[in-house]
Amino acid sequence: MAMQTPLRPGKVRVLIVDDSALVRQVLSEILSQDPGIEVVGTASDPLIARDKIKQLEPDVLTLDVEMPRMDGLTFLQNLMRLRPMPVVMVSSLTEAGAQVTLDALALGAVDFVTKPRLDVERGLNNYAGELCERVRNAARARVARLQPASATAAAQATPIKYRTTDRLIAIGASTGGTEAIRVLLEQMPADAPATVITQHIPAAFSKPFAERLDRHSKMTVVQAEDDMPLLAGHAYVAPGGLHLRVQRSGARWRCRLGEDDPVRRHRPSVDALFESVAQAAGANASAALLTGMGDDGARGLLALRKAGAATMVQDEASSVVWGMPGAAYTLGAAQQVLPLAEIAGALLISTNVGGT
């Protein structure tokens with residue numbers, strides 16, 4: 001179930017929930033500098049936040065994970081059950097923080113920002129622009145309750161026969177993508193074609209993300225390593241901070257990781273992945289661009305279509321943010337626009353018949 005968040009005219013109204021007085025102050029100062037954002041209040045714990053949500057009716061909530069009286073995840077779960085609204089998590093850049101953040105995204109949080117464990121004020125100010133952008137985009141996001149795993153898996157009721165030895169699937173996503181990719185991979189059979197994935201995510205989060213996907217998929221899901229061969233039944237997640245590309249090596253494909261410049265402000269970049277797949281696999285590939293803000297992946301998907309690959313984007317109704325897929329659609333890069341529940345099947349069918 002997805003619900004469009006009604007966005008009132010004027011500034012985005014934000015409530016900041018964090019037990020640290022310093023973090024509340026820094027976030028308030030950063031967000032208040034944006035002419036499109038108004039900080040309507042702060043709260044030091046979820047119980048105070050609950051009352052302030054009723055009083056202030058914010059458009060977006062920023063929420064810390066570790067707080068007194070009630071942890072952030074319990075509060076988020078109750079909030080998304082009783083009063084769904086866009087939530088941006090504020091998480092620590094640690095593996096433990098990554099696990100909790102992924103849990104929060106599974107419960108319905110729209111996005112997250114990271115804060116360093118040391119020198120929090122400088123760390124938050126270093127990406128003030130990104131923080132404001134994420135909050136603005138969250139206000140326009142769709143608050144979604146994803147279908148249970150059993151329901152999404154049921155969508156792939158009829159087994160599909162396809163060749164796996166010379167087929168490749170490429171997937172790209174950003175905001176909302178951690179859960180969208182999980183839903184997609186849950187529908188993939190254990191012997192699905194080799195799959196390469198770029199999700200915009202920090203370095204500390206990408207390995208826990210791959211491990212989480214592995215627990216939810218019949219495929220084997222790993223964080224990609226340089227020169228790793230691409231095998232059927234396996235999915236490879238781009239490490240945070242590194243571009244993932246595919247390179248043809250004889251009769252096989254291999255992962256190539258690069259620390260070269262960000263592409264459209266991102267590393268890993270979906271465009272970098274898609275353009276490499278277009279060159280290495282061409283019509284033997286199929287690709288899907290999922291939910292995300294911005295336009296990364298749109299040009300790469302167009303390159304894939306021109307190379308003969310089957311291309312598709314997630315539709316607006318099932319996307320948290322229809323930025324990346326919408327940009328690809330505008331460019332004419334997508335052969336199909338599909339709800340999330342139908343993309344896995346379309347990718348598998350496309351790998352059976354090849355690109356068109």
# chains A, B, ... in the order shown; residues from 1 in each chain; ligands from 1
$ residues_around --residues "range 334-342 of chain A" --least-positions-apart "2" --cutoff "6 Å" --atoms "only C-alpha atoms" --output "ChimeraX atom specification"
/A:311-315,318,329,332,344-345
$ write_last_selection --atoms "all heavy atoms" --output "CSV table (one decimal), in the first residue's frame"
chain,number,residue,atom,x,y,z
A,311,THR,N,14.8,-2.7,-21.2
A,311,THR,CA,14.8,-1.6,-20.1
A,311,THR,C,13.5,-1.3,-19.5
A,311,THR,O,12.5,-1.3,-20.2
A,311,THR,CB,15.4,-0.3,-20.7
A,311,THR,OG1,14.6,0.1,-21.7
A,311,THR,CG2,16.9,-0.6,-21.2
A,312,MET,N,13.4,-1.1,-18.2
A,312,MET,CA,12.2,-0.8,-17.5
A,312,MET,C,12.4,0.1,-16.3
A,312,MET,O,13.6,0.2,-15.8
A,312,MET,CB,11.5,-2.1,-17.1
A,312,MET,CG,12.3,-2.9,-16.2
A,312,MET,SD,11.8,-4.7,-16.2
A,312,MET,CE,12.4,-5.2,-17.9
A,313,VAL,N,11.4,0.9,-15.9
A,313,VAL,CA,11.5,1.7,-14.7
A,313,VAL,C,10.3,1.4,-13.8
A,313,VAL,O,9.2,1.0,-14.3
A,313,VAL,CB,11.5,3.2,-15.1
A,313,VAL,CG1,12.8,3.6,-15.8
A,313,VAL,CG2,10.3,3.6,-15.8
A,314,GLN,N,10.5,1.6,-12.5
A,314,GLN,CA,9.4,1.5,-11.6
A,314,GLN,C,8.4,2.6,-11.8
A,314,GLN,O,8.8,3.8,-12.0
A,314,GLN,CB,10.0,1.5,-10.2
A,314,GLN,CG,8.9,1.3,-9.1
A,314,GLN,CD,9.6,1.2,-7.7
A,314,GLN,OE1,10.8,1.3,-7.6
A,314,GLN,NE2,8.8,1.2,-6.6
A,315,ASP,N,7.1,2.3,-11.7
A,315,ASP,CA,6.1,3.4,-11.9
A,315,ASP,C,6.0,4.3,-10.7
A,315,ASP,O,6.5,4.1,-9.6
A,315,ASP,CB,4.8,2.8,-12.3
A,315,ASP,CG,4.1,2.1,-11.1
A,315,ASP,OD1,4.7,2.0,-10.0
A,315,ASP,OD2,2.9,1.6,-11.2
A,318,SER,N,4.2,3.2,-7.2
A,318,SER,CA,4.9,2.3,-6.3
A,318,SER,C,6.2,2.9,-5.8
A,318,SER,O,6.9,2.2,-5.0
A,318,SER,CB,5.0,0.9,-6.9
A,318,SER,OG,5.9,0.9,-8.0
A,329,TYR,N,12.3,7.9,-17.9
A,329,TYR,CA,11.1,7.9,-18.8
A,329,TYR,C,11.0,9.1,-19.7
A,329,TYR,O,10.7,8.9,-20.9
A,329,TYR,CB,9.8,7.8,-17.9
A,329,TYR,CG,8.5,7.9,-18.6
A,329,TYR,CD1,8.0,6.8,-19.3
A,329,TYR,CD2,7.8,9.1,-18.7
A,329,TYR,CE1,6.8,6.9,-20.0
A,329,TYR,CE2,6.6,9.2,-19.4
A,329,TYR,CZ,6.1,8.1,-20.0
A,329,TYR,OH,4.9,8.2,-20.7
A,332,GLY,N,13.1,8.7,-22.7
A,332,GLY,CA,12.7,7.7,-23.6
A,332,GLY,C,13.6,6.4,-23.4
A,332,GLY,O,13.8,5.6,-24.3
A,344,ALA,N,10.4,-8.0,-11.3
A,344,ALA,CA,11.2,-9.2,-11.3
A,344,ALA,C,10.8,-10.1,-12.4
A,344,ALA,O,11.6,-10.6,-13.2
A,344,ALA,CB,11.0,-9.9,-9.9
A,345,GLY,N,9.5,-10.3,-12.6
A,345,GLY,CA,9.0,-11.2,-13.7
A,345,GLY,C,9.4,-10.6,-15.0
A,345,GLY,O,9.8,-11.4,-15.9
$ closest_residue --among "A:Ala98, A:Ala141, A:Ala128, A:Val320" --to "Leu27 in chain A" --atoms "only C-alpha atoms"
A:Ala128
$ residues_around --residues "Asp59 in chain A" --least-positions-apart "6" --cutoff "7 Å" --atoms "only C-alpha atoms" --output "list in words"
Val12, Arg13, Val14 and Ala139 of chain A
$ select_by_dssp --residues "range 137-351 of chain A" --states "helix (DSSP H, G or I)" --output "PyMOL selection string"
chain A and resi 137-140+149-154+177-186+203-216+270-280+282-284+298-306+324-331+340-351
$ closest_residue --among "A:Met293, A:Ala204, A:Leu184, A:Ala235" --to "Glu133 in chain A" --atoms "only C-alpha atoms"
A:Met293
$ closest_residue --among "A:Thr198, A:Thr330, A:Ser217, A:Asn284" --to "Arg245 in chain A" --atoms "only C-alpha atoms"
A:Thr198
$ closest_residue --among "A:Val246, A:Ala307, A:Val196, A:Ala272" --to "His234 in chain A" --atoms "only C-alpha atoms"
A:Val196
$ residues_around --residues "Gln25 in chain A" --least-positions-apart "2" --cutoff "12 Å" --atoms "only C-alpha atoms" --output "short mmCIF file (atom, residue, chain, number, x, y, z; two decimals) with all heavy atoms, in the first residue's frame"
data_model
loop_
_atom_site.label_atom_id
_atom_site.label_comp_id
_atom_site.auth_asym_id
_atom_site.auth_seq_id
_atom_site.Cartn_x
_atom_site.Cartn_y
_atom_site.Cartn_z
N ILE A 16 12.22 17.99 14.66
CA ILE A 16 13.48 17.29 14.89
C ILE A 16 13.38 16.52 16.20
O ILE A 16 13.08 17.11 17.26
CB ILE A 16 14.65 18.29 14.95
CG1 ILE A 16 14.82 18.98 13.60
CG2 ILE A 16 15.95 17.59 15.38
CD1 ILE A 16 15.75 20.18 13.64
N VAL A 17 13.63 15.20 16.15
CA VAL A 17 13.56 14.36 17.33
C VAL A 17 14.93 13.73 17.57
O VAL A 17 15.39 12.89 16.78
CB VAL A 17 12.49 13.26 17.18
CG1 VAL A 17 12.32 12.49 18.49
CG2 VAL A 17 11.16 13.85 16.73
N ASP A 18 15.60 14.15 18.64
CA ASP A 18 16.94 13.65 18.96
C ASP A 18 17.22 13.92 20.43
O ASP A 18 16.88 14.99 20.94
CB ASP A 18 18.00 14.35 18.09
CG ASP A 18 19.30 13.57 18.02
OD1 ASP A 18 19.96 13.43 19.07
OD2 ASP A 18 19.65 13.10 16.93
N ASP A 19 17.82 12.96 21.12
CA ASP A 19 18.07 13.15 22.55
C ASP A 19 19.26 14.06 22.81
O ASP A 19 19.45 14.53 23.94
CB ASP A 19 18.28 11.80 23.24
CG ASP A 19 19.54 11.09 22.80
OD1 ASP A 19 19.89 11.21 21.61
OD2 ASP A 19 20.18 10.42 23.63
N SER A 20 20.07 14.34 21.80
CA SER A 20 21.23 15.22 21.96
C SER A 20 20.83 16.67 21.71
O SER A 20 20.38 17.03 20.63
CB SER A 20 22.34 14.81 20.99
OG SER A 20 23.32 15.83 20.90
N ALA A 21 21.04 17.51 22.72
CA ALA A 21 20.73 18.94 22.57
C ALA A 21 21.59 19.56 21.47
O ALA A 21 21.12 20.43 20.72
CB ALA A 21 20.94 19.66 23.89
N LEU A 22 22.85 19.12 21.36
CA LEU A 22 23.74 19.65 20.33
C LEU A 22 23.22 19.31 18.94
O LEU A 22 23.16 20.17 18.05
CB LEU A 22 25.16 19.10 20.51
CG LEU A 22 26.16 19.46 19.40
CD1 LEU A 22 26.34 20.97 19.32
CD2 LEU A 22 27.49 18.76 19.64
N VAL A 23 22.83 18.05 18.74
CA VAL A 23 22.32 17.63 17.43
C VAL A 23 21.03 18.39 17.10
O VAL A 23 20.84 18.85 15.97
CB VAL A 23 22.10 16.11 17.38
CG1 VAL A 23 21.37 15.71 16.09
CG2 VAL A 23 23.43 15.37 17.48
N LEU A 27 21.01 20.63 13.76
CA LEU A 27 20.03 20.33 12.71
C LEU A 27 19.06 21.50 12.52
O LEU A 27 18.70 21.84 11.39
CB LEU A 27 19.25 19.06 13.07
CG LEU A 27 20.00 17.74 12.97
CD1 LEU A 27 19.11 16.58 13.42
CD2 LEU A 27 20.49 17.49 11.55
N SER A 28 18.66 22.12 13.62
CA SER A 28 17.75 23.27 13.51
C SER A 28 18.40 24.41 12.73
O SER A 28 17.76 25.02 11.86
CB SER A 28 17.35 23.76 14.91
OG SER A 28 16.59 22.80 15.60
N GLU A 29 19.67 24.69 13.03
CA GLU A 29 20.36 25.78 12.35
C GLU A 29 20.55 25.48 10.86
O GLU A 29 20.33 26.35 10.01
CB GLU A 29 21.73 26.02 13.01
CG GLU A 29 21.62 26.61 14.42
CD GLU A 29 22.96 26.70 15.11
OE1 GLU A 29 23.96 26.17 14.54
OE2 GLU A 29 23.03 27.27 16.22
N ILE A 30 20.93 24.24 10.54
CA ILE A 30 21.15 23.87 9.14
C ILE A 30 19.85 23.97 8.35
O ILE A 30 19.78 24.59 7.28
CB ILE A 30 21.74 22.45 9.05
CG1 ILE A 30 23.17 22.42 9.58
CG2 ILE A 30 21.70 21.95 7.60
CD1 ILE A 30 23.76 21.03 9.68
N LEU A 31 18.79 23.35 8.87
CA LEU A 31 17.54 23.29 8.13
C LEU A 31 16.89 24.67 8.03
O LEU A 31 16.26 25.00 7.01
CB LEU A 31 16.59 22.29 8.78
CG LEU A 31 17.03 20.83 8.72
CD1 LEU A 31 16.09 19.95 9.54
CD2 LEU A 31 17.11 20.33 7.28
N SER A 32 17.05 25.49 9.05
CA SER A 32 16.44 26.82 9.04
C SER A 32 17.08 27.75 8.02
O SER A 32 16.47 28.75 7.61
CB SER A 32 16.53 27.45 10.43
OG SER A 32 15.76 26.71 11.37
N VAL A 39 11.66 24.83 10.61
CA VAL A 39 11.73 23.93 11.76
C VAL A 39 10.66 24.39 12.75
O VAL A 39 10.77 25.46 13.35
CB VAL A 39 13.13 23.95 12.41
CG1 VAL A 39 13.13 23.07 13.66
CG2 VAL A 39 14.18 23.50 11.42
N GLY A 41 9.64 22.70 15.46
CA GLY A 41 9.85 22.28 16.83
C GLY A 41 10.89 21.20 16.94
O GLY A 41 11.37 20.67 15.94
N THR A 42 11.28 20.91 18.19
CA THR A 42 12.23 19.83 18.48
C THR A 42 11.68 19.02 19.65
O THR A 42 10.85 19.50 20.43
CB THR A 42 13.63 20.37 18.83
OG1 THR A 42 13.56 21.10 20.06
CG2 THR A 42 14.18 21.25 17.72
N ALA A 43 12.17 17.79 19.76
CA ALA A 43 11.77 16.93 20.88
C ALA A 43 12.95 16.07 21.28
O ALA A 43 13.70 15.60 20.42
CB ALA A 43 10.58 16.06 20.48
N SER A 44 13.11 15.86 22.57
CA SER A 44 14.25 15.11 23.08
C SER A 44 13.98 13.62 23.21
O SER A 44 14.90 12.83 23.45
CB SER A 44 14.70 15.66 24.44
OG SER A 44 13.63 15.61 25.36
N VAL A 120 30.43 16.01 15.88
CA VAL A 120 29.13 15.91 15.21
C VAL A 120 28.77 17.21 14.50
O VAL A 120 28.26 17.19 13.37
CB VAL A 120 28.03 15.54 16.24
CG1 VAL A 120 26.65 15.61 15.60
CG2 VAL A 120 28.29 14.15 16.80
N GLU A 121 29.07 18.34 15.15
CA GLU A 121 28.67 19.62 14.56
C GLU A 121 29.33 19.83 13.20
O GLU A 121 28.66 20.15 12.22
CB GLU A 121 29.05 20.77 15.50
CG GLU A 121 28.61 22.12 14.99
CD GLU A 121 28.85 23.22 16.00
OE1 GLU A 121 29.40 22.93 17.08
OE2 GLU A 121 28.48 24.37 15.71
N LEU A 124 27.94 17.22 10.52
CA LEU A 124 26.62 17.53 9.97
C LEU A 124 26.68 18.74 9.04
O LEU A 124 26.04 18.76 7.99
CB LEU A 124 25.63 17.79 11.11
CG LEU A 124 25.18 16.55 11.89
CD1 LEU A 124 24.37 16.96 13.11
CD2 LEU A 124 24.37 15.61 11.02
N ASN A 125 27.47 19.75 9.42
CA ASN A 125 27.57 20.94 8.58
C ASN A 125 28.25 20.65 7.25
O ASN A 125 28.01 21.35 6.26
CB ASN A 125 28.33 22.05 9.32
CG ASN A 125 27.41 22.84 10.23
OD1 ASN A 125 26.50 23.52 9.77
ND2 ASN A 125 27.64 22.74 11.53
#
$ atom_distance --atom1 "CA of Pro229 in chain A" --atom2 "CA of Ala210 in chain A"
16.9 Å
$ atom_distance --atom1 "CA of Ser286 in chain A" --atom2 "CA of Met324 in chain A"
17.1 Å
$ closest_residue --among "A:Cys132, A:Cys255, A:Ala288, A:Ala49" --to "Met228 in chain A" --atoms "only C-alpha atoms"
A:Cys255
$ atom_distance --atom1 "CA of Arg142 in chain A" --atom2 "CA of Ser206 in chain A"
23.9 Å
$ closest_residue --among "A:Leu290, A:Pro239, A:His216, A:Ile171" --to "Leu273 in chain A" --atoms "only C-alpha atoms"
A:Ile171
$ select_by_dssp --residues "range 46-287 of chain A" --states "strand (DSSP E or B)" --output "compact mmCIF listing (two decimals) with N, CA and C atoms, in the first residue's frame"
# COMPACT_ATOMS: atom_id res chain seq x y z
N VAL A 60 7.46 16.62 7.86
CA VAL A 60 8.57 15.65 7.91
C VAL A 60 9.10 15.58 9.34
N LEU A 61 9.52 14.37 9.71
CA LEU A 61 10.15 14.14 11.01
C LEU A 61 11.59 13.70 10.77
N THR A 62 12.56 14.30 11.49
CA THR A 62 13.89 13.69 11.53
C THR A 62 13.97 12.95 12.86
N LEU A 63 14.46 11.72 12.83
CA LEU A 63 14.37 10.84 13.99
C LEU A 63 15.69 10.14 14.28
N ASP A 64 16.19 10.29 15.50
CA ASP A 64 17.36 9.56 15.96
C ASP A 64 16.94 8.14 16.29
N VAL A 87 9.53 10.20 7.28
CA VAL A 87 10.53 10.22 8.35
C VAL A 87 11.92 10.06 7.74
N VAL A 88 12.84 10.94 8.13
CA VAL A 88 14.24 10.83 7.75
C VAL A 88 15.02 10.44 9.00
N MET A 89 15.66 9.26 8.96
CA MET A 89 16.43 8.78 10.11
C MET A 89 17.79 9.48 10.17
N VAL A 90 18.24 9.76 11.39
CA VAL A 90 19.58 10.30 11.61
C VAL A 90 20.38 9.20 12.28
N SER A 91 21.36 8.62 11.56
CA SER A 91 22.03 7.39 11.98
C SER A 91 23.53 7.61 12.14
N SER A 92 24.13 6.79 12.98
CA SER A 92 25.58 6.84 13.15
C SER A 92 26.25 6.02 12.04
N ASP A 111 14.05 7.97 4.20
CA ASP A 111 15.45 8.17 3.87
C ASP A 111 16.24 8.26 5.17
N PHE A 112 17.55 8.45 5.03
CA PHE A 112 18.38 8.60 6.23
C PHE A 112 19.55 9.52 5.92
N VAL A 113 20.07 10.15 6.97
CA VAL A 113 21.32 10.89 6.90
C VAL A 113 22.22 10.34 8.00
N THR A 114 23.52 10.46 7.81
CA THR A 114 24.45 9.91 8.78
C THR A 114 25.14 11.02 9.56
N LYS A 115 25.45 10.72 10.80
CA LYS A 115 26.19 11.66 11.63
C LYS A 115 27.43 10.94 12.18
N ARG A 142 6.25 9.35 -1.19
CA ARG A 142 5.09 8.52 -0.88
C ARG A 142 5.41 7.68 0.35
N VAL A 143 4.53 7.76 1.33
CA VAL A 143 4.68 6.93 2.52
C VAL A 143 4.07 5.57 2.20
N ALA A 144 4.90 4.54 2.23
CA ALA A 144 4.46 3.24 1.72
C ALA A 144 4.53 2.16 2.78
N LEU A 168 22.39 -11.20 -18.22
CA LEU A 168 22.81 -10.35 -17.11
C LEU A 168 21.68 -9.39 -16.77
N ILE A 169 21.44 -9.20 -15.47
CA ILE A 169 20.43 -8.25 -14.99
C ILE A 169 21.14 -7.14 -14.24
N ALA A 170 20.74 -5.89 -14.49
CA ALA A 170 21.31 -4.74 -13.79
C ALA A 170 20.18 -3.94 -13.14
N ILE A 171 20.40 -3.53 -11.89
CA ILE A 171 19.39 -2.81 -11.12
C ILE A 171 20.03 -1.58 -10.48
N GLY A 172 19.34 -0.46 -10.53
CA GLY A 172 19.82 0.76 -9.89
C GLY A 172 18.71 1.42 -9.08
N ALA A 173 19.08 2.04 -7.95
CA ALA A 173 18.08 2.67 -7.10
C ALA A 173 18.74 3.67 -6.15
N ALA A 194 22.88 -13.81 -13.38
CA ALA A 194 23.75 -12.94 -12.57
C ALA A 194 23.17 -11.53 -12.55
N THR A 195 23.17 -10.91 -11.37
CA THR A 195 22.52 -9.61 -11.18
C THR A 195 23.49 -8.65 -10.51
N VAL A 196 23.64 -7.46 -11.07
CA VAL A 196 24.50 -6.43 -10.49
C VAL A 196 23.62 -5.26 -10.03
N ILE A 197 23.95 -4.72 -8.86
CA ILE A 197 23.08 -3.75 -8.19
C ILE A 197 23.89 -2.55 -7.73
N THR A 198 23.42 -1.36 -8.07
CA THR A 198 23.96 -0.14 -7.48
C THR A 198 22.84 0.57 -6.74
N GLN A 199 23.03 0.73 -5.44
CA GLN A 199 22.14 1.48 -4.56
C GLN A 199 22.97 2.59 -3.94
N THR A 220 22.19 -15.97 -3.97
CA THR A 220 23.28 -15.61 -3.08
C THR A 220 23.64 -14.16 -3.34
N VAL A 221 23.52 -13.32 -2.33
CA VAL A 221 23.77 -11.89 -2.49
C VAL A 221 25.03 -11.51 -1.71
N VAL A 222 25.97 -10.84 -2.38
CA VAL A 222 27.24 -10.47 -1.75
C VAL A 222 27.58 -9.03 -2.12
N GLN A 223 28.45 -8.42 -1.33
CA GLN A 223 29.04 -7.15 -1.73
C GLN A 223 30.11 -7.44 -2.77
N PRO A 229 34.07 -12.90 -10.49
CA PRO A 229 33.29 -13.34 -11.66
C PRO A 229 31.80 -13.28 -11.39
N HIS A 234 23.64 -15.49 -8.45
CA HIS A 234 24.31 -14.58 -7.55
C HIS A 234 23.95 -13.14 -7.88
N ALA A 235 23.85 -12.30 -6.84
CA ALA A 235 23.65 -10.87 -7.00
C ALA A 235 24.79 -10.14 -6.33
N TYR A 236 25.26 -9.05 -6.94
CA TYR A 236 26.46 -8.35 -6.50
C TYR A 236 26.10 -6.88 -6.24
N VAL A 237 26.31 -6.44 -5.00
CA VAL A 237 25.96 -5.09 -4.58
C VAL A 237 27.19 -4.20 -4.61
N HIS A 243 32.58 2.84 -7.46
CA HIS A 243 31.77 2.51 -8.62
C HIS A 243 31.87 1.01 -8.90
N LEU A 244 30.75 0.40 -9.25
CA LEU A 244 30.74 -0.98 -9.73
C LEU A 244 30.48 -0.94 -11.23
N ARG A 245 31.38 -1.57 -11.98
CA ARG A 245 31.21 -1.72 -13.43
C ARG A 245 31.36 -3.19 -13.80
N VAL A 246 30.84 -3.53 -14.96
CA VAL A 246 30.96 -4.89 -15.48
C VAL A 246 31.90 -4.87 -16.67
N GLN A 247 32.81 -5.83 -16.69
CA GLN A 247 33.77 -5.93 -17.78
C GLN A 247 33.74 -7.33 -18.36
N ARG A 248 33.74 -7.42 -19.68
CA ARG A 248 33.80 -8.72 -20.36
C ARG A 248 35.22 -9.25 -20.29
N SER A 249 35.37 -10.49 -19.85
CA SER A 249 36.69 -11.13 -19.79
C SER A 249 36.56 -12.50 -20.47
N ARG A 252 33.32 -14.58 -20.08
CA ARG A 252 32.67 -14.30 -18.80
C ARG A 252 32.64 -12.81 -18.52
N TRP A 253 31.83 -12.44 -17.55
CA TRP A 253 31.79 -11.08 -17.06
C TRP A 253 32.42 -11.03 -15.67
N ARG A 254 33.05 -9.91 -15.36
CA ARG A 254 33.65 -9.73 -14.04
C ARG A 254 33.30 -8.35 -13.48
N CYS A 255 33.33 -8.26 -12.15
CA CYS A 255 33.12 -6.99 -11.47
C CYS A 255 34.40 -6.16 -11.52
N ARG A 256 34.25 -4.88 -11.79
CA ARG A 256 35.38 -3.95 -11.69
C ARG A 256 34.97 -2.81 -10.77
N LEU A 257 35.76 -2.59 -9.73
CA LEU A 257 35.48 -1.53 -8.78
C LEU A 257 36.42 -0.36 -9.04
N GLY A 258 35.92 0.86 -8.90
CA GLY A 258 36.73 2.04 -9.16
C GLY A 258 36.46 3.16 -8.17
N VAL A 263 30.01 10.26 -10.35
CA VAL A 263 29.24 10.55 -11.56
C VAL A 263 27.89 11.10 -11.11
N HIS A 266 27.46 11.03 -7.46
CA HIS A 266 27.33 9.75 -6.75
C HIS A 266 28.51 8.82 -7.03
N ALA A 285 21.52 -8.15 -21.87
CA ALA A 285 21.18 -7.61 -20.55
C ALA A 285 19.74 -7.17 -20.49
N SER A 286 19.22 -7.10 -19.27
CA SER A 286 17.97 -6.41 -18.98
C SER A 286 18.21 -5.58 -17.74
N ALA A 287 17.55 -4.43 -17.64
CA ALA A 287 17.86 -3.51 -16.56
C ALA A 287 16.61 -2.82 -16.06
